[in-house]
Amino acid sequence: MTQPNAEYQKEAARLDSTKEYMNILLTESERDLQSSQEKIRSAMANLEYIDSSDSYLNILTNSRFFEMARTQKEALEAVMNKPYFARIHFQREGEPEELLYIGKTSLFHRDTHEPIIVDWRSPVANVYYDGRLGDLTYQVMEEEQTGHLFAKRQYKIESGQLLDYRDVDLTTNDELLQEALEGKADVRLTEIVSTIQKEQNEIIRAHLRQPILVQGAAGSGKTTIALHRISYFLYTMGEHFKPEQLMILAPNKLFIEYIGDVLPELGVDRICQTTYAEYVQNALNVKLKLQNPNEQLESIIENHTGIIPHFNIPQIKGSLLYRDMMNRYVAMHEQKLASLFEDVFIEKYRIMRASHLKKLFLVEFAYMPIEKRLERIKKVIQTEVKRKTAAVLSTLNAKYEEIIGRALNGIRDDAKRRRIVTKYIDERDDRIPKIKQEVKSTATIYMRKFEKVKIKAMYRDLITNRMLLCEVAPEWSLEQIETFLAVHRKEAWALEDLAALYYLHARIKGIPEKWKMRVVFIDEAQDYSLFQLAALKTGLETDMFTMVGDLAQGIHSYRSLTEWESVLKLFPRATYATLQKSYRTTIEIMDVANKILEKMAEDLPLVEPVVRHGKEPAFIPCPVFDEKIVSETYHTIRSSGHRSIALITKTTSEAKKFTAALIKAGVEAELLDEAASLDQSKLLVVPSHLAKGLEFDAVMIAAFDPPFYDHPVDRKLLYVALTRAMHELYLIGPNKTTFLL
């Protein structure tokens with residue numbers, strides 16, 4: 001802790017004055033809240049009177065004041081214990097020097113309008129993250145500004161007290177980062193606004209109206225960066241986008257629980273956090289009993305050969321060939337509907353030609369989903385019928401006037417004249433009301449032949465129908481079609497089917513506005529297929545995607561991406577960035593993980609750990625799983641002060657078996673599944689495929705029979721397991737070859 005010298009006293013006084021001003025604002029916010037509530041209550045009581053428009057206006061006005069007061073109160077309370085974390089001594093070109101204090105929210109003095117705290121997302125704060133000392137440039141509203149950075153300072157503030165401060169240059173920046181990294185892992189992700197590094201900052205602030213794809217090494221902060229980019233996005237573009245229009249697609253529920261605290265800490269709420277499977281089913285309003293995708297993975301792991309069939313159906317369903325098949329299927333449906341168009345008549349008068357309606361359907365409205373086109377055509381018919389009905393009635397009236405006139409003037413026989421005139425008047429009086437009545441339902445009756453489809457049934461029809469498959473998949477051999485049909489005889493739904501269902505729904509019905517997200521953030525992007533991404537892009541009608549992933553952790557590569565080139569072709573406007581530094585693990589742990597990375601087919605560069613040393617990873621020989629050895633190791637780790645400790649197993653069945661044995665031996669152990677909540681007071685037992693994205697102070701990896709084999713999927717599972725540990729790593733098994741070492 002810094003000794004209380006004159007500079008320290010000055011900084012402590014500045015912190016006190018900031019908190020004092022915040023307290024004044026908090027008191028006022030409380031008062032404003034109570035006042036607004038009172039006024040709303042009073043206006044509600046007055047609603048009983050006959051003329052209550054003033055009361056409605058009162059309620060609306062005071063609701064806005066209430067919301068503003070509540071937002072200010074929550075923002076101030078959130079940062080009261082740590083109002084800011086850094087300061088820059090900066091001079092914008094042509095302006096006086098200023099000291100700007102950087103925190104998680106902005107605060108300006110009401111009277112002087114001087115900044116008390118500058119939001120970390122503001123353009124000038126970029127100078128802190130990106131700028132070296134000296135002359136520099138930074139962007140404001142896409143315009144380049146210049147200035148001079150004299151100094152950067154970082155503060156250690158806890159519970160509203162100044163513990164320490166340090167002036168930052170490149171050396172101390174590394175020291176500060178190391179101090180942060182030497183801290184303990186939490187079972188939930190935390191924000192990193194005070195330690196964002198230059199390369200991370202560039203991705204957070206990369207062009208917000210363009211897609212970005214990030215290949216990030218294990219521990220490079222991909223997830224955290226994506227979440228900070230959301231916060232930065234809403235800060236910068238908030239007036240154009242509501243939080244509800246942004247969506248994070250997480251790999252599973254456990255992961256959503258893990259990131260649960262970060263967005264509120266960054267001042268973001270109401271954003272849609274979901275999984276791909278959950279989102280698609282909500283958007284399509286269907287409920288499907290999906291095969292657990294991890295079961296496929298488990299069957300490949302336990303198969304021991306690592307061999308994936310040549311005609312790999314999950315992989316095919318994730319390919320753009322499958323999208324082409326769906327396009328052909330939609331085209332067939334479209335042509336079938338187009339053939340149903342006929343001329344539109346009112347009685348015997350032609351109102352519209354079939355050829356014109358067909359052109360509207362196939363050409364003019366081709367940019368719309370099929371059923372939306374039909375709705376538009378119905379409106380066109382209604383408008384045209386309404387427009388031409390007057391002309392039809394006028395023509396008919398004129399015709400009858402002429403016939404009746406001729407009869408009156410040309411027939412001398414009174415009885416005959418009366419009979420003929422009466423006949424035509426009756427005919428006219430019968431026809432015209434019928435036409436007026438017919439006009440009301442012409443469009444509805446005409447459109448009845450265009451039946452709406454049920455997408456689920458339509459897709460199911462395709463994957464079980466030999467004739468249809470032959471038509472939409474001319475590339476497949478008869479043997480491949482038979483294999484495909486055999487897999488789908490029994491109705492079962494897999495994750496891979498969702499892209500096709502979503503795509504068909506988007507092309508035929510359109511995605512409902514509520515689920516038409518305008519900006520998408522995808523974590524673990526390597527576990528997506530190309531068709532999943534293409535379907536989302538089509539359905540949402542946007543390419544504003546932030547995708548972060550690591551091909552080295554692509555444990556679902558039998559059905560998902562194995563390279564990024566195809567994604568960049570799908571998103572031609574995308575920026576591509578890489579993060580090769582790992583901030584999670586020590587050099588010693590990363591050396592072991594890099595040995596596995598070297599064995600991978602993807603030819604990825606080795607990960608550069610940030611200079612932080614720790615204990616050498618330990619190998620503990622153990623012929624079979626021994627709960628006593630695991631228990632002893634666990635208690636040794638716990639006694640050294642580590643908070644979050646995990647035992648990672650290769651398979652789920654091992655995780656279940658080992659958890660039961662540990663609990664029986666008196667160890668407080670908890671098996672993590674997708675629905676579990678994370679409790680760091682226990683030993684968390686995690687199957688390797690679920691460990692992805694998580695981090696722990698210390699990790700034990702237990703592998704026996706089966707060991708990790710030298711196959712693509714096993715290598716990736718082992719790499720994932722090895723890179724979860726921040727400080728300590730233990731390998732427990734019969735020998736080192738069990739861990740491919």
# chains A, B, ... in the order shown; residues from 1 in each chain; ligands from 1
>>> select_by_dssp(residues="segment 308-445 of chain A", states="strand (DSSP E)", output="compact mmCIF listing (two decimals) with N, CA, C and O atoms, in the first residue's frame")
# COMPACT_ATOMS: atom_id res chain seq x y z
N VAL A 344 -58.47 -13.22 -61.97
CA VAL A 344 -59.42 -12.85 -60.91
C VAL A 344 -60.65 -12.23 -61.57
O VAL A 344 -60.52 -11.30 -62.39
N PHE A 345 -61.81 -12.77 -61.23
CA PHE A 345 -63.07 -12.26 -61.79
C PHE A 345 -63.98 -11.74 -60.69
O PHE A 345 -63.97 -12.25 -59.57
N ILE A 346 -64.78 -10.71 -61.05
CA ILE A 346 -65.96 -10.37 -60.25
C ILE A 346 -67.12 -10.71 -61.17
O ILE A 346 -67.24 -10.10 -62.25
N TYR A 349 -66.63 -10.49 -64.96
CA TYR A 349 -65.69 -9.43 -65.36
C TYR A 349 -64.29 -9.76 -64.84
O TYR A 349 -64.11 -9.95 -63.64
N ARG A 350 -63.28 -9.79 -65.74
CA ARG A 350 -61.91 -10.06 -65.32
C ARG A 350 -61.30 -8.81 -64.70
O ARG A 350 -61.27 -7.74 -65.32
N ILE A 351 -60.82 -8.95 -63.48
CA ILE A 351 -60.23 -7.82 -62.74
C ILE A 351 -58.71 -7.83 -62.87
O ILE A 351 -58.08 -6.79 -63.02
N MET A 352 -58.09 -9.02 -62.77
CA MET A 352 -56.63 -9.14 -62.87
C MET A 352 -56.27 -10.41 -63.62
O MET A 352 -56.94 -11.44 -63.48
>>> residues_around(residues="segment 665-677 of chain A", least_positions_apart="3", cutoff="10 Å", atoms="only C-alpha atoms", output="PDB file with N, CA and C atoms, in the first residue's frame")
ATOM      1  N   VAL A 187     -16.041 -18.581  -9.826  1.00  0.00           N
ATOM      2  CA  VAL A 187     -16.810 -19.524 -10.631  1.00  0.00           C
ATOM      3  C   VAL A 187     -17.704 -18.778 -11.615  1.00  0.00           C
ATOM      4  N   PRO A 251     -22.883 -21.409 -25.609  1.00  0.00           N
ATOM      5  CA  PRO A 251     -22.875 -22.848 -25.916  1.00  0.00           C
ATOM      6  C   PRO A 251     -23.856 -23.677 -25.090  1.00  0.00           C
ATOM      7  N   ASN A 252     -24.136 -23.261 -23.856  1.00  0.00           N
ATOM      8  CA  ASN A 252     -25.074 -24.027 -23.018  1.00  0.00           C
ATOM      9  C   ASN A 252     -25.526 -23.161 -21.837  1.00  0.00           C
ATOM     10  N   LYS A 253     -26.466 -23.705 -21.059  1.00  0.00           N
ATOM     11  CA  LYS A 253     -27.037 -22.965 -19.914  1.00  0.00           C
ATOM     12  C   LYS A 253     -25.988 -22.709 -18.834  1.00  0.00           C
ATOM     13  N   LEU A 254     -25.098 -23.671 -18.659  1.00  0.00           N
ATOM     14  CA  LEU A 254     -24.044 -23.536 -17.651  1.00  0.00           C
ATOM     15  C   LEU A 254     -23.202 -22.291 -17.955  1.00  0.00           C
ATOM     16  N   PHE A 255     -22.949 -22.084 -19.241  1.00  0.00           N
ATOM     17  CA  PHE A 255     -22.153 -20.947 -19.683  1.00  0.00           C
ATOM     18  C   PHE A 255     -22.888 -19.637 -19.419  1.00  0.00           C
ATOM     19  N   ILE A 256     -24.213 -19.623 -19.621  1.00  0.00           N
ATOM     20  CA  ILE A 256     -25.014 -18.416 -19.353  1.00  0.00           C
ATOM     21  C   ILE A 256     -24.950 -18.076 -17.864  1.00  0.00           C
ATOM     22  N   GLU A 257     -24.981 -19.122 -17.035  1.00  0.00           N
ATOM     23  CA  GLU A 257     -24.843 -18.933 -15.580  1.00  0.00           C
ATOM     24  C   GLU A 257     -23.462 -18.345 -15.271  1.00  0.00           C
ATOM     25  N   TYR A 258     -22.441 -18.841 -15.988  1.00  0.00           N
ATOM     26  CA  TYR A 258     -21.052 -18.435 -15.755  1.00  0.00           C
ATOM     27  C   TYR A 258     -20.832 -16.961 -16.095  1.00  0.00           C
ATOM     28  N   GLU A 627     -10.210 -42.566  -5.163  1.00  0.00           N
ATOM     29  CA  GLU A 627     -10.793 -41.368  -4.555  1.00  0.00           C
ATOM     30  C   GLU A 627      -9.924 -40.800  -3.427  1.00  0.00           C
ATOM     31  N   LYS A 628      -9.113 -41.688  -2.768  1.00  0.00           N
ATOM     32  CA  LYS A 628      -8.254 -41.200  -1.675  1.00  0.00           C
ATOM     33  C   LYS A 628      -7.180 -40.264  -2.225  1.00  0.00           C
ATOM     34  N   VAL A 630      -7.271 -38.580  -5.052  1.00  0.00           N
ATOM     35  CA  VAL A 630      -7.923 -37.349  -5.527  1.00  0.00           C
ATOM     36  C   VAL A 630      -8.276 -36.465  -4.333  1.00  0.00           C
ATOM     37  N   SER A 631      -8.806 -37.075  -3.269  1.00  0.00           N
ATOM     38  CA  SER A 631      -9.201 -36.328  -2.072  1.00  0.00           C
ATOM     39  C   SER A 631      -7.994 -35.644  -1.437  1.00  0.00           C
ATOM     40  N   GLU A 632      -6.885 -36.377  -1.320  1.00  0.00           N
ATOM     41  CA  GLU A 632      -5.661 -35.792  -0.727  1.00  0.00           C
ATOM     42  C   GLU A 632      -5.159 -34.609  -1.566  1.00  0.00           C
ATOM     43  N   TYR A 634      -6.898 -32.788  -3.634  1.00  0.00           N
ATOM     44  CA  TYR A 634      -7.887 -31.705  -3.524  1.00  0.00           C
ATOM     45  C   TYR A 634      -7.666 -30.902  -2.238  1.00  0.00           C
ATOM     46  N   HIS A 635      -7.482 -31.582  -1.121  1.00  0.00           N
ATOM     47  CA  HIS A 635      -7.313 -30.877   0.158  1.00  0.00           C
ATOM     48  C   HIS A 635      -5.983 -30.118   0.212  1.00  0.00           C
ATOM     49  N   ALA A 646     -11.403 -27.849  -9.892  1.00  0.00           N
ATOM     50  CA  ALA A 646     -12.195 -28.770 -10.719  1.00  0.00           C
ATOM     51  C   ALA A 646     -11.444 -30.071 -10.946  1.00  0.00           C
ATOM     52  N   LEU A 647     -12.225 -31.140 -11.020  1.00  0.00           N
ATOM     53  CA  LEU A 647     -11.712 -32.431 -11.485  1.00  0.00           C
ATOM     54  C   LEU A 647     -12.348 -32.641 -12.862  1.00  0.00           C
ATOM     55  N   THR A 652     -18.716 -38.153 -19.658  1.00  0.00           N
ATOM     56  CA  THR A 652     -19.763 -37.891 -18.663  1.00  0.00           C
ATOM     57  C   THR A 652     -19.934 -39.089 -17.735  1.00  0.00           C
ATOM     58  N   ALA A 655     -17.399 -38.955 -15.128  1.00  0.00           N
ATOM     59  CA  ALA A 655     -17.692 -37.857 -14.199  1.00  0.00           C
ATOM     60  C   ALA A 655     -18.724 -38.298 -13.169  1.00  0.00           C
ATOM     61  N   LYS A 656     -19.777 -38.993 -13.629  1.00  0.00           N
ATOM     62  CA  LYS A 656     -20.826 -39.470 -12.709  1.00  0.00           C
ATOM     63  C   LYS A 656     -20.249 -40.474 -11.713  1.00  0.00           C
ATOM     64  N   LYS A 657     -19.477 -41.415 -12.257  1.00  0.00           N
ATOM     65  CA  LYS A 657     -18.913 -42.492 -11.425  1.00  0.00           C
ATOM     66  C   LYS A 657     -17.947 -41.915 -10.376  1.00  0.00           C
ATOM     67  N   PHE A 658     -17.069 -41.004 -10.816  1.00  0.00           N
ATOM     68  CA  PHE A 658     -16.067 -40.437  -9.906  1.00  0.00           C
ATOM     69  C   PHE A 658     -16.732 -39.562  -8.836  1.00  0.00           C
ATOM     70  N   THR A 659     -17.774 -38.811  -9.222  1.00  0.00           N
ATOM     71  CA  THR A 659     -18.479 -37.952  -8.246  1.00  0.00           C
ATOM     72  C   THR A 659     -19.079 -38.811  -7.138  1.00  0.00           C
ATOM     73  N   ALA A 660     -19.750 -39.896  -7.546  1.00  0.00           N
ATOM     74  CA  ALA A 660     -20.380 -40.796  -6.561  1.00  0.00           C
ATOM     75  C   ALA A 660     -19.326 -41.352  -5.600  1.00  0.00           C
ATOM     76  N   ALA A 661     -18.175 -41.784  -6.161  1.00  0.00           N
ATOM     77  CA  ALA A 661     -17.108 -42.363  -5.327  1.00  0.00           C
ATOM     78  C   ALA A 661     -16.544 -41.315  -4.359  1.00  0.00           C
ATOM     79  N   LEU A 662     -16.370 -40.081  -4.825  1.00  0.00           N
ATOM     80  CA  LEU A 662     -15.813 -39.015  -3.980  1.00  0.00           C
ATOM     81  C   LEU A 662     -16.771 -38.644  -2.846  1.00  0.00           C
ATOM     82  N   GLN A 680     -18.343 -22.823  -5.733  1.00  0.00           N
ATOM     83  CA  GLN A 680     -16.888 -22.970  -5.631  1.00  0.00           C
ATOM     84  C   GLN A 680     -16.421 -23.516  -4.282  1.00  0.00           C
ATOM     85  N   SER A 681     -17.355 -23.709  -3.336  1.00  0.00           N
ATOM     86  CA  SER A 681     -16.931 -24.291  -2.060  1.00  0.00           C
ATOM     87  C   SER A 681     -16.750 -25.811  -2.190  1.00  0.00           C
ATOM     88  N   LYS A 682     -17.197 -26.362  -3.339  1.00  0.00           N
ATOM     89  CA  LYS A 682     -17.093 -27.819  -3.545  1.00  0.00           C
ATOM     90  C   LYS A 682     -16.065 -28.136  -4.629  1.00  0.00           C
ATOM     91  N   LEU A 683     -15.679 -29.405  -4.686  1.00  0.00           N
ATOM     92  CA  LEU A 683     -14.866 -29.889  -5.801  1.00  0.00           C
ATOM     93  C   LEU A 683     -15.827 -30.096  -6.970  1.00  0.00           C
ATOM     94  N   LEU A 684     -15.623 -29.351  -8.045  1.00  0.00           N
ATOM     95  CA  LEU A 684     -16.528 -29.418  -9.189  1.00  0.00           C
ATOM     96  C   LEU A 684     -16.022 -30.473 -10.168  1.00  0.00           C
ATOM     97  N   VAL A 685     -16.833 -31.488 -10.410  1.00  0.00           N
ATOM     98  CA  VAL A 685     -16.450 -32.565 -11.341  1.00  0.00           C
ATOM     99  C   VAL A 685     -17.095 -32.258 -12.686  1.00  0.00           C
ATOM    100  N   VAL A 686     -16.246 -32.095 -13.722  1.00  0.00           N
ATOM    101  CA  VAL A 686     -16.729 -31.592 -15.016  1.00  0.00           C
ATOM    102  C   VAL A 686     -16.301 -32.519 -16.151  1.00  0.00           C
ATOM    103  N   PRO A 687     -17.249 -33.027 -16.969  1.00  0.00           N
ATOM    104  CA  PRO A 687     -16.838 -33.742 -18.188  1.00  0.00           C
ATOM    105  C   PRO A 687     -16.107 -32.761 -19.109  1.00  0.00           C
ATOM    106  N   LEU A 690     -17.860 -30.096 -21.260  1.00  0.00           N
ATOM    107  CA  LEU A 690     -18.580 -29.002 -20.586  1.00  0.00           C
ATOM    108  C   LEU A 690     -17.629 -27.977 -19.976  1.00  0.00           C
ATOM    109  N   ALA A 691     -16.347 -28.311 -19.918  1.00  0.00           N
ATOM    110  CA  ALA A 691     -15.374 -27.420 -19.270  1.00  0.00           C
ATOM    111  C   ALA A 691     -15.031 -26.228 -20.157  1.00  0.00           C
TER     112      ALA A 691
END
>>> closest_residue(among="A:Ala78, A:Leu357, A:Ile620, A:Ala390", to="Val439 of chain A", atoms="only C-alpha atoms")
A:Ala390
>>> residues_around(residues="Leu718 of chain A", least_positions_apart="2", cutoff="12 Å", atoms="only C-alpha atoms", output="JSON, numbers by chain")
{"A": [301, 552, 553, 554, 555, 592, 593, 594, 595, 596, 597, 599, 600, 648, 649, 650, 651, 687, 688, 689, 691, 692, 700, 701, 702, 703, 707, 708, 709, 710, 711, 712, 713, 714, 715, 716, 720, 721, 722, 723, 724, 731, 738, 739, 740, 741]}
>>> write_last_selection(atoms="N, CA and C atoms", output="tab-separated table (two decimals), in the first residue's frame")
chain	number	residue	atom	x	y	z
A	301	ILE	N	-16.33	-40.43	-28.76
A	301	ILE	CA	-15.23	-40.59	-27.79
A	301	ILE	C	-15.11	-42.05	-27.37
A	552	ALA	N	-8.76	-24.77	-32.12
A	552	ALA	CA	-8.09	-25.80	-31.31
A	552	ALA	C	-9.03	-26.42	-30.29
A	553	GLN	N	-10.15	-25.72	-29.98
A	553	GLN	CA	-11.13	-26.24	-29.02
A	553	GLN	C	-12.39	-26.75	-29.72
A	554	GLY	N	-12.29	-27.01	-31.02
A	554	GLY	CA	-13.45	-27.46	-31.80
A	554	GLY	C	-13.76	-28.92	-31.55
A	555	ILE	N	-14.29	-29.21	-30.37
A	555	ILE	CA	-14.53	-30.62	-30.00
A	555	ILE	C	-15.69	-31.23	-30.78
A	592	VAL	N	2.68	-27.35	-21.46
A	592	VAL	CA	2.09	-28.69	-21.61
A	592	VAL	C	0.97	-28.64	-22.66
A	593	ALA	N	0.11	-27.62	-22.57
A	593	ALA	CA	-1.01	-27.49	-23.52
A	593	ALA	C	-0.49	-27.31	-24.95
A	594	ASN	N	0.59	-26.55	-25.10
A	594	ASN	CA	1.15	-26.32	-26.44
A	594	ASN	C	1.66	-27.61	-27.08
A	595	LYS	N	2.10	-28.56	-26.25
A	595	LYS	CA	2.55	-29.86	-26.80
A	595	LYS	C	1.39	-30.58	-27.48
A	596	ILE	N	0.19	-30.44	-26.93
A	596	ILE	CA	-1.00	-31.06	-27.54
A	596	ILE	C	-1.41	-30.25	-28.78
A	597	LEU	N	-1.29	-28.92	-28.68
A	597	LEU	CA	-1.64	-28.05	-29.81
A	597	LEU	C	-0.78	-28.38	-31.04
A	599	LYS	N	0.21	-31.18	-32.00
A	599	LYS	CA	-0.22	-32.43	-32.62
A	599	LYS	C	-1.46	-32.25	-33.52
A	600	MET	N	-2.08	-31.06	-33.46
A	600	MET	CA	-3.36	-30.88	-34.16
A	600	MET	C	-3.17	-30.64	-35.65
A	648	ILE	N	-11.52	-32.66	-13.89
A	648	ILE	CA	-12.04	-32.81	-15.26
A	648	ILE	C	-11.83	-34.24	-15.73
A	649	THR	N	-12.92	-34.83	-16.23
A	649	THR	CA	-12.86	-36.21	-16.74
A	649	THR	C	-13.05	-36.19	-18.25
A	650	LYS	N	-12.69	-37.30	-18.87
A	650	LYS	CA	-12.85	-37.35	-20.33
A	650	LYS	C	-14.33	-37.45	-20.71
A	651	THR	N	-15.07	-38.34	-20.05
A	651	THR	CA	-16.47	-38.58	-20.44
A	651	THR	C	-17.44	-38.25	-19.30
A	687	PRO	N	-17.25	-33.03	-16.97
A	687	PRO	CA	-16.84	-33.74	-18.19
A	687	PRO	C	-16.11	-32.76	-19.11
A	688	SER	N	-15.09	-33.22	-19.82
A	688	SER	CA	-14.22	-32.31	-20.59
A	688	SER	C	-14.99	-31.43	-21.57
A	689	HIS	N	-16.06	-31.97	-22.19
A	689	HIS	CA	-16.78	-31.16	-23.19
A	689	HIS	C	-17.53	-29.99	-22.56
A	691	ALA	N	-16.35	-28.31	-19.92
A	691	ALA	CA	-15.37	-27.42	-19.27
A	691	ALA	C	-15.03	-26.23	-20.16
A	692	LYS	N	-15.34	-26.35	-21.44
A	692	LYS	CA	-14.97	-25.31	-22.41
A	692	LYS	C	-15.57	-23.96	-22.00
A	700	MET	N	-7.53	-30.75	-11.68
A	700	MET	CA	-7.02	-32.13	-11.76
A	700	MET	C	-7.68	-32.77	-12.96
A	701	ILE	N	-6.88	-33.42	-13.81
A	701	ILE	CA	-7.47	-34.16	-14.95
A	701	ILE	C	-7.25	-35.64	-14.66
A	702	ALA	N	-8.36	-36.39	-14.63
A	702	ALA	CA	-8.28	-37.82	-14.35
A	702	ALA	C	-8.62	-38.59	-15.63
A	703	ALA	N	-7.71	-39.47	-16.06
A	703	ALA	CA	-7.98	-40.29	-17.26
A	703	ALA	C	-7.39	-41.68	-17.04
A	707	PRO	N	-8.09	-43.88	-22.11
A	707	PRO	CA	-7.18	-42.74	-22.02
A	707	PRO	C	-7.58	-41.71	-23.09
A	708	PHE	N	-6.81	-40.65	-23.22
A	708	PHE	CA	-6.99	-39.73	-24.36
A	708	PHE	C	-6.22	-40.34	-25.53
A	709	TYR	N	-6.93	-40.64	-26.60
A	709	TYR	CA	-6.29	-41.22	-27.79
A	709	TYR	C	-5.77	-40.12	-28.71
A	710	ASP	N	-4.84	-40.50	-29.57
A	710	ASP	CA	-4.26	-39.52	-30.50
A	710	ASP	C	-5.17	-39.36	-31.72
A	711	HIS	N	-6.42	-38.93	-31.47
A	711	HIS	CA	-7.41	-38.67	-32.52
A	711	HIS	C	-7.82	-37.21	-32.43
A	712	PRO	N	-8.35	-36.63	-33.53
A	712	PRO	CA	-8.69	-35.19	-33.51
A	712	PRO	C	-9.58	-34.78	-32.34
A	713	VAL	N	-10.67	-35.52	-32.08
A	713	VAL	CA	-11.61	-35.11	-31.03
A	713	VAL	C	-10.95	-35.22	-29.66
A	714	ASP	N	-10.24	-36.33	-29.40
A	714	ASP	CA	-9.59	-36.52	-28.09
A	714	ASP	C	-8.53	-35.47	-27.83
A	715	ARG	N	-7.76	-35.13	-28.88
A	715	ARG	CA	-6.71	-34.11	-28.72
A	715	ARG	C	-7.34	-32.79	-28.27
A	716	LYS	N	-8.47	-32.45	-28.89
A	716	LYS	CA	-9.12	-31.17	-28.57
A	716	LYS	C	-9.72	-31.20	-27.17
A	720	VAL	N	-8.64	-28.65	-24.22
A	720	VAL	CA	-9.62	-27.86	-23.46
A	720	VAL	C	-9.39	-28.06	-21.97
A	721	ALA	N	-9.26	-29.33	-21.54
A	721	ALA	CA	-9.09	-29.63	-20.12
A	721	ALA	C	-7.81	-28.99	-19.56
A	722	LEU	N	-6.71	-29.07	-20.32
A	722	LEU	CA	-5.43	-28.54	-19.85
A	722	LEU	C	-5.46	-27.02	-19.70
A	723	THR	N	-6.25	-26.34	-20.53
A	723	THR	CA	-6.21	-24.87	-20.53
A	723	THR	C	-7.27	-24.23	-19.64
A	724	ARG	N	-7.88	-25.02	-18.76
A	724	ARG	CA	-8.85	-24.44	-17.80
A	724	ARG	C	-8.17	-23.91	-16.55
A	731	LEU	N	-2.18	-34.07	-13.31
A	731	LEU	CA	-2.63	-35.13	-14.21
A	731	LEU	C	-2.62	-36.45	-13.44
A	738	THR	N	-1.22	-41.61	-21.25
A	738	THR	CA	-2.68	-41.45	-21.10
A	738	THR	C	-3.09	-40.04	-21.50
A	739	PHE	N	-2.15	-39.09	-21.33
A	739	PHE	CA	-2.41	-37.67	-21.64
A	739	PHE	C	-1.64	-37.23	-22.88
A	740	LEU	N	-1.28	-38.20	-23.74
A	740	LEU	CA	-0.58	-37.93	-25.01
A	740	LEU	C	0.75	-37.21	-24.80
A	741	LEU	N	1.39	-37.45	-23.63
A	741	LEU	CA	2.67	-36.80	-23.34
A	741	LEU	C	3.79	-37.83	-23.30
>>> closest_residue(among="A:His310, A:Arg584, A:Lys514, A:Arg41", to="Asn282 of chain A", atoms="only C-alpha atoms")
A:Lys514
>>> atom_distance(atom1="atom CA of Gln161 of chain A", atom2="atom CA of Ala75 of chain A")
19.0 Å
>>> atom_distance(atom1="atom CA of Glu563 of chain A", atom2="atom CA of His207 of chain A")
23.3 Å
>>> residues_around(residues="Phe531 of chain A", least_positions_apart="2", cutoff="6 Å", atoms="only C-alpha atoms", output="number ranges by chain")
A: 318-320, 529, 533-535
>>> write_last_selection(atoms="N, CA and C atoms", output="JSON list (two decimals), in the first residue's frame")
[["chain", "number", "residue", "atom", "x", "y", "z"],
["A", 318, "GLY", "N", -24.81, -29.63, -41.79],
["A", 318, "GLY", "CA", -24.22, -28.34, -41.45],
["A", 318, "GLY", "C", -23.56, -27.65, -42.62],
["A", 319, "SER", "N", -23.63, -28.27, -43.81],
["A", 319, "SER", "CA", -22.92, -27.73, -44.97],
["A", 319, "SER", "C", -23.79, -26.81, -45.80],
["A", 320, "LEU", "N", -23.15, -26.04, -46.68],
["A", 320, "LEU", "CA", -23.92, -25.18, -47.59],
["A", 320, "LEU", "C", -24.59, -26.00, -48.69],
["A", 529, "SER", "N", -21.96, -24.82, -37.35],
["A", 529, "SER", "CA", -21.73, -25.23, -38.74],
["A", 529, "SER", "C", -21.92, -24.01, -39.63],
["A", 533, "LEU", "N", -24.77, -20.68, -39.32],
["A", 533, "LEU", "CA", -24.46, -19.25, -39.44],
["A", 533, "LEU", "C", -25.20, -18.64, -40.64],
["A", 534, "ALA", "N", -25.23, -19.38, -41.76],
["A", 534, "ALA", "CA", -25.91, -18.87, -42.97],
["A", 534, "ALA", "C", -27.41, -18.72, -42.72],
["A", 535, "ALA", "N", -28.00, -19.69, -42.01],
["A", 535, "ALA", "CA", -29.44, -19.65, -41.72],
["A", 535, "ALA", "C", -29.76, -18.44, -40.85]]
>>> residues_around(residues="Phe545 of chain A", least_positions_apart="3", cutoff="6 Å", atoms="only C-alpha atoms", output="list in words")
Pro211, Val520 and Phe521 of chain A
>>> residues_around(residues="segment 616-618 of chain A", least_positions_apart="4", cutoff="10 Å", atoms="only C-alpha atoms", output="list in words")
Thr586, Ile587, Glu588, Ile589, Met590, Asp591, Val592, Val699, Met700, Leu722, His727, Glu728, Leu729, Tyr730, Leu731 and Ile732 of chain A
>>> select_by_dssp(residues="segment 185-325 of chain A", states="alpha helix (DSSP H)", output="NGL selection string")
:A and (198-204 or 222-237 or 253-258 or 262-265 or 276-284 or 293-302 or 313-317 or 320-325)
>>> closest_residue(among="A:Asp32, A:Glu541, A:Asp497, A:Glu565", to="Thr71 of chain A", atoms="only C-alpha atoms")
A:Asp32
>>> atom_distance(atom1="atom CA of Asp679 of chain A", atom2="atom CA of Ser159 of chain A")
24.6 Å
>>> closest_residue(among="A:Tyr84, A:Tyr138, A:Tyr322, A:Phe365", to="Arg14 of chain A", atoms="only C-alpha atoms")
A:Tyr84
